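Written out below as structure tokens is the structure these notes cover.
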Amino acid sequence: MNEKKVLILTLIWMLLPVAGMAQPEGTGEAIRPALVVVDVQNAYLPLMSEQEQKIALRVINGAIWFFRQHKLPVVRVHHSDLRWGPAEGTKEFAFVDTILPPGEDVRVVKRFPSAFVQTDLDRILKEKGCNTVFLCGLSATGCVLPTYFGGVERGYKVFMIREGIMSHNPDYTNAVKDICDSLSFESMMFFLQLRQ
């Protein structure tokens with residue numbers, strides 16, 4: 001059996017106890033996911049690895065599209081520091097034009113690396129009934145990783161979308177993918193389709 005088949009079968013074997021019949025084992029609770037897109041803003045994208053940008057932006061758009069098609073929440077997180085910006089309402093603060101327009105997406109503004117610190121993100125997710133978070137965006141090391149751990153600390157099951165995160169150094173991005181629960185874009189779609 002080739003490596004790809006072994007990987008797919010292993011993934012299915014690992015996910016079925018978690019997602020089987022759309023209920024995590026032992027909880028009786030249905031999986032209710034949200035997509036959190038972190039800091040894909042004009043001020044920060046140019047600082048990311050060009051190599052990672054090409055793939056990550058496509059995957060982020062694909063994830064947004066997929067969540068919208070399944071009527072699942074999408075949250076856009078914007079970062080601004082009170083001392084050095086970017087200021088709300090400026091071009092630098094906005095998401096890059098290559099990302100799908102916001103539509104009904106919820107917007108959260110943060111001042112700290114984690115999107116959970118001193119924001120309404122936790123409240124928003126709870127109001128929408130979410131217990132599982134899929135993360136994508138930037139920087140993998142600067143803001144996505146702290147948001148990952150912020151979600152775990154608050155009791156969410158959190159996954160990185162492997163090809164949907166980026167940083168200024170691909171080696172750093174790979175390290176984040178290795179230390180966190182992460183799924184490929186295709187695995188994310190499969191995982192979410194199991195919940196139906």
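Letters for chains follow the order of the structure tokens (A, B, ...), residue numbers begin at 1 for each chain, and ligand numbers begin at 1 in the order shown.
Residue-level DSSP output for region 150-184 of chain A, from the backbone, shows strand (DSSP E) at Lys157, Val158, Phe159, Met160, Ile161, Arg162, Glu163, Gly164, Ile165, Met166, Ser182 and Leu183 of chain A.
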Shell around region 157-172 of chain A at 8 Å using only C-alpha atoms, local window under 2 positions removed, as number ranges by chain
A: 47-49, 52-53, 55-60, 131-141, 144, 148, 151-152, 155, 174-177, 180-185, 188
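Note that CA of Glu50 (chain A) and CA of Lys91 (chain A) are 20.4 Å apart.
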Shell of 8 Å around region 98-114 of chain A, only C-alpha atoms, local chain residues under 6 positions omitted, as JSON, numbers by chain:
{"A": [57, 60, 61, 64, 73, 74, 75, 76, 77, 78, 79, 80, 81, 82, 120, 121, 142, 143, 144, 145, 146, 147, 148, 150]}
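One finds CA of Ala87 (chain A) at 18.9 Å from CA of Val37 (chain A).
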Give one line per residue of region 23-92 of chain A that approaches region 125-128 of chain A to at most 12 Å, naming the two atoms of the closest pair and their distance in Å to one decimal, counting only C-alpha atoms; sort by chain then ascending residue number and deliver it as CSV.
```
residue,atom,partner,partner_atom,distance
A:Arg32,CA,A:Lys128,CA,8.7
A:Pro33,CA,A:Leu125,CA,9.0
A:Ala34,CA,A:Leu125,CA,7.5
A:Leu35,CA,A:Leu125,CA,10.0
A:Val36,CA,A:Leu125,CA,9.9
A:Lys71,CA,A:Lys128,CA,11.5
A:Leu72,CA,A:Lys128,CA,9.3
A:Pro73,CA,A:Lys128,CA,7.6
A:Val74,CA,A:Leu125,CA,9.9
A:Val75,CA,A:Leu125,CA,9.0
```
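Proximity to Ala30 (chain A) was assessed for A:Phe190, A:Cys130, A:Lys54, A:Leu45 counting only C-alpha atoms; the smallest distance is recorded for A:Cys130.
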Show which residues sit within 12 Å of Thr90 (chain A), as a ChimeraX atom specification. Count only C-alpha atoms, and ignore same-chain residues fewer than 3 positions away.
/A:41-43,78,80,85-87,93-96
By how many Å are CA of Phe149 (chain A) and CA of Phe116 (chain A) apart?
9.4 Å
If you run DSSP on the backbone here, which positions in region 18-195 of chain A get alpha helix (DSSP H)? Please write them as an MDAnalysis selection string.
chainID A and resid 18:19 50:69 121:127 145:153 170:179 185:194
